[in-house]
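Engineer: Have a look at this one before I ask anything.
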There are 4 protein chains.
Amino acid sequence: MKSNRLEAFSDGVIAIIITIMVLEMKAPEEISLQALLPLLPVFISYLLSFIYLGMYWINHHHLLHNVERVNGKILWANLHLLFWLSLIPFATSWVGENHTNAAPVAFYGFLLLMCGIAYLVLQTVIITQHDEDFILRKVVGKDIKGKLSLVFYIIGILLSFLNPWLSISCYVIVAIMWIVPDKRIEKNVD
Amino acid sequence: MKSNRLEAFSDGVIAIIITIMVLEMKAPEEISLQALLPLLPVFISYLLSFIYLGMYWINHHHLLHNVERVNGKILWANLHLLFWLSLIPFATSWVGENHTNAAPVAFYGFLLLMCGIAYLVLQTVIITQHDEDFILRKVVGKDIKGKLSLVFYIIGILLSFLNPWLSISCYVIVAIMWIVPDKRIEKNVD
Amino acid sequence: MKSNRLEAFSDGVIAIIITIMVLEMKAPEEISLQALLPLLPVFISYLLSFIYLGMYWINHHHLLHNVERVNGKILWANLHLLFWLSLIPFATSWVGENHTNAAPVAFYGFLLLMCGIAYLVLQTVIITQHDEDFILRKVVGKDIKGKLSLVFYIIGILLSFLNPWLSISCYVIVAIMWIVPDKRIEKNVD
Amino acid sequence: MKSNRLEAFSDGVIAIIITIMVLEMKAPEEISLQALLPLLPVFISYLLSFIYLGMYWINHHHLLHNVERVNGKILWANLHLLFWLSLIPFATSWVGENHTNAAPVAFYGFLLLMCGIAYLVLQTVIITQHDEDFILRKVVGKDIKGKLSLVFYIIGILLSFLNPWLSISCYVIVAIMWIVPDKRIEKNVD
């Protein structure tokens with residue numbers, strides 16, 4: 001299978017996930033602008049997940065950019081990533097309605113952690129399928145940013161039982177850290 | 001990343017948004033043709049949003065038509081546009097059930113305004129990433145139509161507190177204004 | 001805009017419509033095989049709509065197969081078709097739960113009629129945009145099958161007030177008539 | 001029609017089916033980590049269906065990989081497969097909430113059986129449309145794996161009335177059997 005089919009399928013799944021989340025935002029029963037206020041946390045959790053999914057979409061492309069052919073291992077590592085990503089709307093909906101409670105906030109962090117791990121696994125599988133000169137190997141290097149994100153997620157999960165706002169801050173910091181596009185790959189690969 | 005990937009992803013998201021709206025239209029409990037009558041405002045709000053999204057889809061293509069490569073700034077400006085577009089089903093559902101109330105009508109106009117601004121931002125980001133000879137720069141020119149739309153949205157939002165029907169008229173006028181395909185780009189670029 | 005973008009977008013929308021319908025089928029509360037029996041009419045209405053949408057997808061391709069560039073008129077004629085197609089899940093859900101009542105059955109026929117008309121409009125717009133040698137013009141000819149379908153839909157709508165089963169038969173006959181792939185185009189165009 | 005259009009459409013439908021399933025998982029009302037426990041069977045049924053759909057997506061590509069042009073028969077055989085696949089979210093939702101009951105477990109197996117048969121039909125239709133040298137003919141051979149899967153599904157359906165866990169085991173065994181990518185095709189065809 002050529003990598004562009006894999007990209008197209010992954011694009012489709014991510015596009016659906018990112019759009020399906022909005023279905024969780026139900027129009028309020030009341031008809032005043034004040035009725036929108038209680039939806040604000042839902043809106044913000046939706047925005048954060050939107051940024052995360054957009055981020056995964058962009059990085060996923062950078063990852064597959066130099067891969068030409070994919071084998072079974074890469075296919076399943078990619079489906080594994082899509083599986084965890086597809087659970088984000090579920091966690092977003094839960095955390096959006098209960099953002100001051102430990103459980104949903106910790107669970108949201110757990111999902112981000114699983115997505116981060118799945119992404120690392122996919123990256124590792126792709127690199128080990130190629131030889132030493134493979135450009136992605138050099139570009140990714142020690143991948144400090146990827147591993148640092150995992151640490152932040154774990155801290156966020158632990159902090160949620162202390163104060164949910166602290167762990168939300170952790171998730172926001174990671175998002176900001178990644179919004180800056182990965183200069184390493186953009187410069188070296190293109 | 002090549003611009004055709006960006007187009008395909010945006011196409012996917014817009015296709016999902018435009019189709020998901022229909023889910024808001026629930027089959028009536030009663031089983032008579034009269035039972036469809038109360039759904040008429042929902043149907044018309046769905047039709048208007050369908051036209052707006054179709055319009056954005058067409059103009060989005062014209063915009064990306066001459067862009068060959070995209071960088072991080074364009075990617076995020078595009079995701080920013082998709083984010084606001086993805087909220088249209090939510091506003092459509094609210095306004096469809098309460099089209100004679102100020103709040104939903106104003107909110108619908110606010111969303112159209114944010115989409116319009118996000119589109120202008122994307123257009124500006126794309127133009128500033130290219131040199132002076134870039135064909136889109138000449139074609140867009142002062143973009144009177146784009147800015148006029150924003151003015152109409154703002155007037156619509158303000159009028160909603162006076163008479164919701166007046167502001168709905170504003171939104172319909174903008175739609176009609178854009179349904180006429182952008183001759184400027186179609187002629188000059190192709 | 002090239003016609004393959006239009007095809008890809010239309011494919012996306014049709015793929016979403018065809019899949020979204022299944023969401024209307026809710027898992028029964030009871031947990032016995034008998035609990036599936038009341039779902040049978042819903043299932044069959046879903047199957048019929050699936051065949052109709054599959055039919056439109058196939059014919060839509062035959063239609064756009066020889067078109068190279070599309071203009072604003074074709075774009076809007078195509079969006080017009082997609083609009084009516086996107087309402088099919090709504091009508092399917094209503095008719096599936098009330099298949100022995102005149103109103104839903106007539107409404108379902110009305111939607112099929114609007115889809116049929118929208119398809120004819122798109123076909124006419126495409127043909128009038130091309131010169132006399134355009135291959136589709138010869139292939140389509142008088143398009144007896146297309147116009148006959150419209151007649152059947154109208155008969156179906158009228159019969160629904162007499163006996164819904166008669167009108168359902170009309171819709172099934174049209175589906176069977178089209179399931180046989182359009183030999184005319186397949187032979188002449190390819 | 002070229003086979004890549006068929007692949008793109010099928011990709012779209014499978015991507016939507018695989019993602020829509022997650023909508024069945026509703027965020028719990030309670031806000032504790034314990035509230036997630038009752039969702040575990042739903043989660044696992046979702047995971048199993050995700051693997052099945054991923055499996056069909058991968059094998060579907062292998063199947064169409066060497067087909068260049070498709071005719072009406074292949075189109076309808078493919079839509080037939082997509083129809084049964086699109087019912088998987090419905091069955092997954094039912095079995096996820098009632099995994100210890102015979103009816104949903106048997107029904108889930110019945111759907112897997114229909115998907116398996118539809119896949120075999122598509123494969124046979126494709127092969128009979130090509131001549132004796134067609135590479136897929138040699139690769140597929142007697143297709144022991146495909147037919148063995150059908151046997152397992154039937155055993156699973158029958159066992160469900162004895163003990164649902166036994167039939168679930170059957171479905172899991174088939175999934176594991178297929179997760180190992182089809183070496184035959186991957187080696188011979190590429």
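Chain labels follow the order of the structure tokens: the first chain is A, the next B, and so on; residue numbering restarts at 1 in every chain, and ligands are counted from 1 in their shown order.
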Please superimpose chain C on chain D using every C-alpha atom, paired by order, in a least-squares fit, and write the moved chain as a PDB file with C-alpha atoms, in the first residue's frame.

Structural biologist:
```
ATOM      1  CA  MET C   1     -14.835   4.184 -13.425  1.00  0.00           C
ATOM      2  CA  LYS C   2     -11.270   3.818 -12.217  1.00  0.00           C
ATOM      3  CA  SER C   3     -10.679   1.650  -9.171  1.00  0.00           C
ATOM      4  CA  ASN C   4      -9.099   4.501  -7.188  1.00  0.00           C
ATOM      5  CA  ARG C   5     -12.467   6.312  -7.050  1.00  0.00           C
ATOM      6  CA  LEU C   6     -14.017   3.155  -5.668  1.00  0.00           C
ATOM      7  CA  GLU C   7     -11.237   2.889  -3.112  1.00  0.00           C
ATOM      8  CA  ALA C   8     -11.603   6.530  -2.073  1.00  0.00           C
ATOM      9  CA  PHE C   9     -15.373   6.191  -1.616  1.00  0.00           C
ATOM     10  CA  SER C  10     -14.995   2.929   0.338  1.00  0.00           C
ATOM     11  CA  ASP C  11     -12.262   4.516   2.464  1.00  0.00           C
ATOM     12  CA  GLY C  12     -14.610   7.380   3.245  1.00  0.00           C
ATOM     13  CA  VAL C  13     -17.466   5.108   4.244  1.00  0.00           C
ATOM     14  CA  ILE C  14     -15.245   2.865   6.403  1.00  0.00           C
ATOM     15  CA  ALA C  15     -13.623   5.913   8.049  1.00  0.00           C
ATOM     16  CA  ILE C  16     -17.072   7.250   8.937  1.00  0.00           C
ATOM     17  CA  ILE C  17     -18.344   3.896  10.238  1.00  0.00           C
ATOM     18  CA  ILE C  18     -15.257   3.377  12.418  1.00  0.00           C
ATOM     19  CA  THR C  19     -15.571   6.870  13.905  1.00  0.00           C
ATOM     20  CA  ILE C  20     -19.351   6.932  14.297  1.00  0.00           C
ATOM     21  CA  MET C  21     -19.220   3.960  16.648  1.00  0.00           C
ATOM     22  CA  VAL C  22     -17.608   6.130  19.300  1.00  0.00           C
ATOM     23  CA  LEU C  23     -20.777   8.228  19.385  1.00  0.00           C
ATOM     24  CA  GLU C  24     -22.473   5.259  21.016  1.00  0.00           C
ATOM     25  CA  MET C  25     -20.202   5.692  24.020  1.00  0.00           C
ATOM     26  CA  LYS C  26     -21.969   8.332  26.082  1.00  0.00           C
ATOM     27  CA  ALA C  27     -20.144  10.187  28.848  1.00  0.00           C
ATOM     28  CA  PRO C  28     -21.411   8.811  32.183  1.00  0.00           C
ATOM     29  CA  GLU C  29     -23.811  10.887  34.286  1.00  0.00           C
ATOM     30  CA  GLU C  30     -21.820  10.303  37.460  1.00  0.00           C
ATOM     31  CA  ILE C  31     -18.467  11.956  37.839  1.00  0.00           C
ATOM     32  CA  SER C  32     -16.120   9.412  39.350  1.00  0.00           C
ATOM     33  CA  LEU C  33     -13.616   7.023  37.828  1.00  0.00           C
ATOM     34  CA  GLN C  34     -15.840   4.173  39.064  1.00  0.00           C
ATOM     35  CA  ALA C  35     -18.534   5.488  36.711  1.00  0.00           C
ATOM     36  CA  LEU C  36     -16.334   4.417  33.819  1.00  0.00           C
ATOM     37  CA  LEU C  37     -16.315   0.770  34.919  1.00  0.00           C
ATOM     38  CA  PRO C  38     -19.791  -0.116  33.574  1.00  0.00           C
ATOM     39  CA  LEU C  39     -18.620   1.293  30.233  1.00  0.00           C
ATOM     40  CA  LEU C  40     -15.839  -1.295  30.004  1.00  0.00           C
ATOM     41  CA  PRO C  41     -17.859  -3.890  28.017  1.00  0.00           C
ATOM     42  CA  VAL C  42     -19.000  -1.127  25.643  1.00  0.00           C
ATOM     43  CA  PHE C  43     -15.389  -0.047  25.290  1.00  0.00           C
ATOM     44  CA  ILE C  44     -14.208  -3.592  24.553  1.00  0.00           C
ATOM     45  CA  SER C  45     -16.969  -4.249  22.010  1.00  0.00           C
ATOM     46  CA  TYR C  46     -16.004  -0.952  20.372  1.00  0.00           C
ATOM     47  CA  LEU C  47     -12.354  -2.040  20.316  1.00  0.00           C
ATOM     48  CA  LEU C  48     -13.229  -5.408  18.734  1.00  0.00           C
ATOM     49  CA  SER C  49     -15.371  -3.738  16.043  1.00  0.00           C
ATOM     50  CA  PHE C  50     -12.606  -1.182  15.449  1.00  0.00           C
ATOM     51  CA  ILE C  51     -10.161  -4.026  14.801  1.00  0.00           C
ATOM     52  CA  TYR C  52     -12.650  -5.774  12.482  1.00  0.00           C
ATOM     53  CA  LEU C  53     -13.255  -2.596  10.486  1.00  0.00           C
ATOM     54  CA  GLY C  54      -9.522  -1.839  10.342  1.00  0.00           C
ATOM     55  CA  MET C  55      -9.014  -5.390   9.096  1.00  0.00           C
ATOM     56  CA  TYR C  56     -11.641  -4.973   6.378  1.00  0.00           C
ATOM     57  CA  TRP C  57     -10.109  -1.666   5.362  1.00  0.00           C
ATOM     58  CA  ILE C  58      -6.642  -3.240   4.964  1.00  0.00           C
ATOM     59  CA  ASN C  59      -7.875  -6.360   3.153  1.00  0.00           C
ATOM     60  CA  HIS C  60     -10.173  -4.274   0.949  1.00  0.00           C
ATOM     61  CA  HIS C  61      -7.101  -2.427  -0.299  1.00  0.00           C
ATOM     62  CA  HIS C  62      -5.202  -5.622  -0.978  1.00  0.00           C
ATOM     63  CA  LEU C  63      -8.239  -6.802  -2.915  1.00  0.00           C
ATOM     64  CA  LEU C  64      -8.557  -3.706  -5.123  1.00  0.00           C
ATOM     65  CA  HIS C  65      -4.819  -3.177  -5.426  1.00  0.00           C
ATOM     66  CA  ASN C  66      -4.478  -4.891  -8.801  1.00  0.00           C
ATOM     67  CA  VAL C  67      -7.862  -4.026 -10.220  1.00  0.00           C
ATOM     68  CA  GLU C  68      -7.656  -1.187 -12.704  1.00  0.00           C
ATOM     69  CA  ARG C  69     -11.172  -0.652 -13.938  1.00  0.00           C
ATOM     70  CA  VAL C  70     -14.411  -1.530 -12.264  1.00  0.00           C
ATOM     71  CA  ASN C  71     -17.779  -2.313 -13.831  1.00  0.00           C
ATOM     72  CA  GLY C  72     -21.326  -2.254 -12.505  1.00  0.00           C
ATOM     73  CA  LYS C  73     -21.128  -5.699 -10.927  1.00  0.00           C
ATOM     74  CA  ILE C  74     -18.044  -4.825  -8.886  1.00  0.00           C
ATOM     75  CA  LEU C  75     -19.622  -1.495  -7.853  1.00  0.00           C
ATOM     76  CA  TRP C  76     -22.742  -3.171  -6.478  1.00  0.00           C
ATOM     77  CA  ALA C  77     -20.802  -6.021  -4.861  1.00  0.00           C
ATOM     78  CA  ASN C  78     -18.746  -3.346  -3.125  1.00  0.00           C
ATOM     79  CA  LEU C  79     -21.829  -1.369  -2.021  1.00  0.00           C
ATOM     80  CA  HIS C  80     -23.239  -4.665  -0.729  1.00  0.00           C
ATOM     81  CA  LEU C  81     -20.157  -5.106   1.467  1.00  0.00           C
ATOM     82  CA  LEU C  82     -20.333  -1.483   2.680  1.00  0.00           C
ATOM     83  CA  PHE C  83     -24.010  -1.961   3.562  1.00  0.00           C
ATOM     84  CA  TRP C  84     -23.277  -4.802   5.984  1.00  0.00           C
ATOM     85  CA  LEU C  85     -20.223  -3.016   7.380  1.00  0.00           C
ATOM     86  CA  SER C  86     -22.347   0.081   8.060  1.00  0.00           C
ATOM     87  CA  LEU C  87     -24.575  -1.992  10.362  1.00  0.00           C
ATOM     88  CA  ILE C  88     -21.654  -2.898  12.637  1.00  0.00           C
ATOM     89  CA  PRO C  89     -22.032   0.207  14.880  1.00  0.00           C
ATOM     90  CA  PHE C  90     -25.671  -0.782  15.505  1.00  0.00           C
ATOM     91  CA  ALA C  91     -24.706  -4.332  16.522  1.00  0.00           C
ATOM     92  CA  THR C  92     -21.709  -3.084  18.518  1.00  0.00           C
ATOM     93  CA  SER C  93     -23.915  -0.753  20.517  1.00  0.00           C
ATOM     94  CA  TRP C  94     -26.408  -3.551  21.267  1.00  0.00           C
ATOM     95  CA  VAL C  95     -23.805  -6.157  22.198  1.00  0.00           C
ATOM     96  CA  GLY C  96     -21.798  -3.649  24.234  1.00  0.00           C
ATOM     97  CA  GLU C  97     -24.728  -3.043  26.568  1.00  0.00           C
ATOM     98  CA  ASN C  98     -25.855  -6.688  26.705  1.00  0.00           C
ATOM     99  CA  HIS C  99     -22.751  -8.780  26.224  1.00  0.00           C
ATOM    100  CA  THR C 100     -23.930 -11.612  28.449  1.00  0.00           C
ATOM    101  CA  ASN C 101     -27.148 -12.193  26.513  1.00  0.00           C
ATOM    102  CA  ALA C 102     -27.537 -14.658  23.678  1.00  0.00           C
ATOM    103  CA  ALA C 103     -29.532 -12.483  21.261  1.00  0.00           C
ATOM    104  CA  PRO C 104     -27.138  -9.515  20.852  1.00  0.00           C
ATOM    105  CA  VAL C 105     -24.093 -11.794  20.754  1.00  0.00           C
ATOM    106  CA  ALA C 106     -25.701 -14.027  18.116  1.00  0.00           C
ATOM    107  CA  PHE C 107     -26.785 -10.971  16.124  1.00  0.00           C
ATOM    108  CA  TYR C 108     -23.260  -9.545  16.241  1.00  0.00           C
ATOM    109  CA  GLY C 109     -21.954 -12.858  14.874  1.00  0.00           C
ATOM    110  CA  PHE C 110     -24.651 -12.836  12.201  1.00  0.00           C
ATOM    111  CA  LEU C 111     -23.474  -9.398  11.035  1.00  0.00           C
ATOM    112  CA  LEU C 112     -19.833 -10.532  10.973  1.00  0.00           C
ATOM    113  CA  LEU C 113     -20.990 -13.525   8.919  1.00  0.00           C
ATOM    114  CA  MET C 114     -22.837 -11.304   6.428  1.00  0.00           C
ATOM    115  CA  CYS C 115     -19.774  -9.014   6.135  1.00  0.00           C
ATOM    116  CA  GLY C 116     -17.589 -12.078   5.566  1.00  0.00           C
ATOM    117  CA  ILE C 117     -19.921 -13.434   2.885  1.00  0.00           C
ATOM    118  CA  ALA C 118     -20.185 -10.006   1.206  1.00  0.00           C
ATOM    119  CA  TYR C 119     -16.395  -9.820   1.135  1.00  0.00           C
ATOM    120  CA  LEU C 120     -16.149 -13.298  -0.448  1.00  0.00           C
ATOM    121  CA  VAL C 121     -18.771 -12.306  -3.034  1.00  0.00           C
ATOM    122  CA  LEU C 122     -16.835  -9.144  -3.924  1.00  0.00           C
ATOM    123  CA  GLN C 123     -13.613 -11.168  -4.189  1.00  0.00           C
ATOM    124  CA  THR C 124     -15.289 -13.745  -6.443  1.00  0.00           C
ATOM    125  CA  VAL C 125     -16.897 -11.085  -8.648  1.00  0.00           C
ATOM    126  CA  ILE C 126     -13.523  -9.347  -9.099  1.00  0.00           C
ATOM    127  CA  ILE C 127     -11.735 -12.603  -9.958  1.00  0.00           C
ATOM    128  CA  THR C 128     -14.365 -13.794 -12.449  1.00  0.00           C
ATOM    129  CA  GLN C 129     -14.133 -10.435 -14.263  1.00  0.00           C
ATOM    130  CA  HIS C 130     -10.456 -11.070 -14.985  1.00  0.00           C
ATOM    131  CA  ASP C 131      -8.665 -13.720 -17.063  1.00  0.00           C
ATOM    132  CA  GLU C 132      -6.699 -16.715 -15.827  1.00  0.00           C
ATOM    133  CA  ASP C 133      -3.405 -14.859 -15.387  1.00  0.00           C
ATOM    134  CA  PHE C 134      -4.912 -12.354 -12.943  1.00  0.00           C
ATOM    135  CA  ILE C 135      -2.512 -12.215 -10.022  1.00  0.00           C
ATOM    136  CA  LEU C 136      -5.213 -12.057  -7.345  1.00  0.00           C
ATOM    137  CA  ARG C 137      -6.529 -15.435  -8.511  1.00  0.00           C
ATOM    138  CA  LYS C 138      -3.247 -17.139  -7.655  1.00  0.00           C
ATOM    139  CA  VAL C 139      -2.776 -15.189  -4.449  1.00  0.00           C
ATOM    140  CA  VAL C 140      -6.203 -15.862  -3.041  1.00  0.00           C
ATOM    141  CA  GLY C 141      -6.044 -19.540  -4.011  1.00  0.00           C
ATOM    142  CA  LYS C 142      -8.534 -21.585  -2.070  1.00  0.00           C
ATOM    143  CA  ASP C 143      -8.856 -18.747   0.473  1.00  0.00           C
ATOM    144  CA  ILE C 144      -8.860 -21.094   3.448  1.00  0.00           C
ATOM    145  CA  LYS C 145      -8.610 -18.184   5.897  1.00  0.00           C
ATOM    146  CA  GLY C 146     -11.707 -16.473   4.485  1.00  0.00           C
ATOM    147  CA  LYS C 147     -13.823 -19.618   4.559  1.00  0.00           C
ATOM    148  CA  LEU C 148     -12.514 -20.636   7.992  1.00  0.00           C
ATOM    149  CA  SER C 149     -13.678 -17.244   9.343  1.00  0.00           C
ATOM    150  CA  LEU C 150     -17.221 -17.963   8.122  1.00  0.00           C
ATOM    151  CA  VAL C 151     -17.161 -21.313   9.919  1.00  0.00           C
ATOM    152  CA  PHE C 152     -16.015 -19.602  13.122  1.00  0.00           C
ATOM    153  CA  TYR C 153     -18.820 -17.010  12.856  1.00  0.00           C
ATOM    154  CA  ILE C 154     -21.425 -19.760  12.456  1.00  0.00           C
ATOM    155  CA  ILE C 155     -20.003 -21.686  15.419  1.00  0.00           C
ATOM    156  CA  GLY C 156     -20.029 -18.403  17.381  1.00  0.00           C
ATOM    157  CA  ILE C 157     -23.698 -17.775  16.550  1.00  0.00           C
ATOM    158  CA  LEU C 158     -24.693 -21.285  17.612  1.00  0.00           C
ATOM    159  CA  LEU C 159     -22.610 -21.171  20.812  1.00  0.00           C
ATOM    160  CA  SER C 160     -24.182 -17.863  21.873  1.00  0.00           C
ATOM    161  CA  PHE C 161     -27.321 -19.711  22.997  1.00  0.00           C
ATOM    162  CA  LEU C 162     -25.125 -21.987  25.135  1.00  0.00           C
ATOM    163  CA  ASN C 163     -22.713 -19.411  26.538  1.00  0.00           C
ATOM    164  CA  PRO C 164     -22.193 -15.927  25.054  1.00  0.00           C
ATOM    165  CA  TRP C 165     -18.596 -15.855  26.259  1.00  0.00           C
ATOM    166  CA  LEU C 166     -17.737 -18.851  24.073  1.00  0.00           C
ATOM    167  CA  SER C 167     -19.062 -17.119  20.971  1.00  0.00           C
ATOM    168  CA  ILE C 168     -17.263 -13.876  21.831  1.00  0.00           C
ATOM    169  CA  SER C 169     -14.085 -15.982  21.994  1.00  0.00           C
ATOM    170  CA  CYS C 170     -14.807 -17.205  18.460  1.00  0.00           C
ATOM    171  CA  TYR C 171     -15.067 -13.632  17.184  1.00  0.00           C
ATOM    172  CA  VAL C 172     -11.839 -12.676  18.962  1.00  0.00           C
ATOM    173  CA  ILE C 173      -9.999 -15.671  17.468  1.00  0.00           C
ATOM    174  CA  VAL C 174     -10.978 -14.609  13.931  1.00  0.00           C
ATOM    175  CA  ALA C 175      -9.791 -11.059  14.637  1.00  0.00           C
ATOM    176  CA  ILE C 176      -6.419 -12.332  15.864  1.00  0.00           C
ATOM    177  CA  MET C 177      -6.187 -14.646  12.850  1.00  0.00           C
ATOM    178  CA  TRP C 178      -6.577 -11.667  10.510  1.00  0.00           C
ATOM    179  CA  ILE C 179      -4.553  -9.086  12.465  1.00  0.00           C
ATOM    180  CA  VAL C 180      -1.508 -10.916  11.195  1.00  0.00           C
ATOM    181  CA  PRO C 181      -1.348  -9.175   7.797  1.00  0.00           C
ATOM    182  CA  ASP C 182      -2.108 -11.347   4.788  1.00  0.00           C
ATOM    183  CA  LYS C 183       1.466 -12.360   3.922  1.00  0.00           C
ATOM    184  CA  ARG C 184       0.262 -14.147   0.790  1.00  0.00           C
ATOM    185  CA  ILE C 185      -0.937 -10.986  -0.899  1.00  0.00           C
ATOM    186  CA  GLU C 186       1.643  -8.649   0.596  1.00  0.00           C
ATOM    187  CA  LYS C 187       4.507 -10.765  -0.681  1.00  0.00           C
ATOM    188  CA  ASN C 188       3.204 -11.855  -4.047  1.00  0.00           C
ATOM    189  CA  VAL C 189       1.412  -8.789  -5.285  1.00  0.00           C
ATOM    190  CA  ASP C 190       3.677  -5.903  -4.398  1.00  0.00           C
TER     191      ASP C 190
END
```

Engineer: Could you please write out, as a VMD selection string, every residue of region 6-176 of chain A that DSSP assigns to helix (DSSP H, G or I)?

Structural biologist: chain A and resid 6 to 24 33 to 64 72 to 86 88 to 97 102 to 128 135 to 140 144 to 160 164 to 176
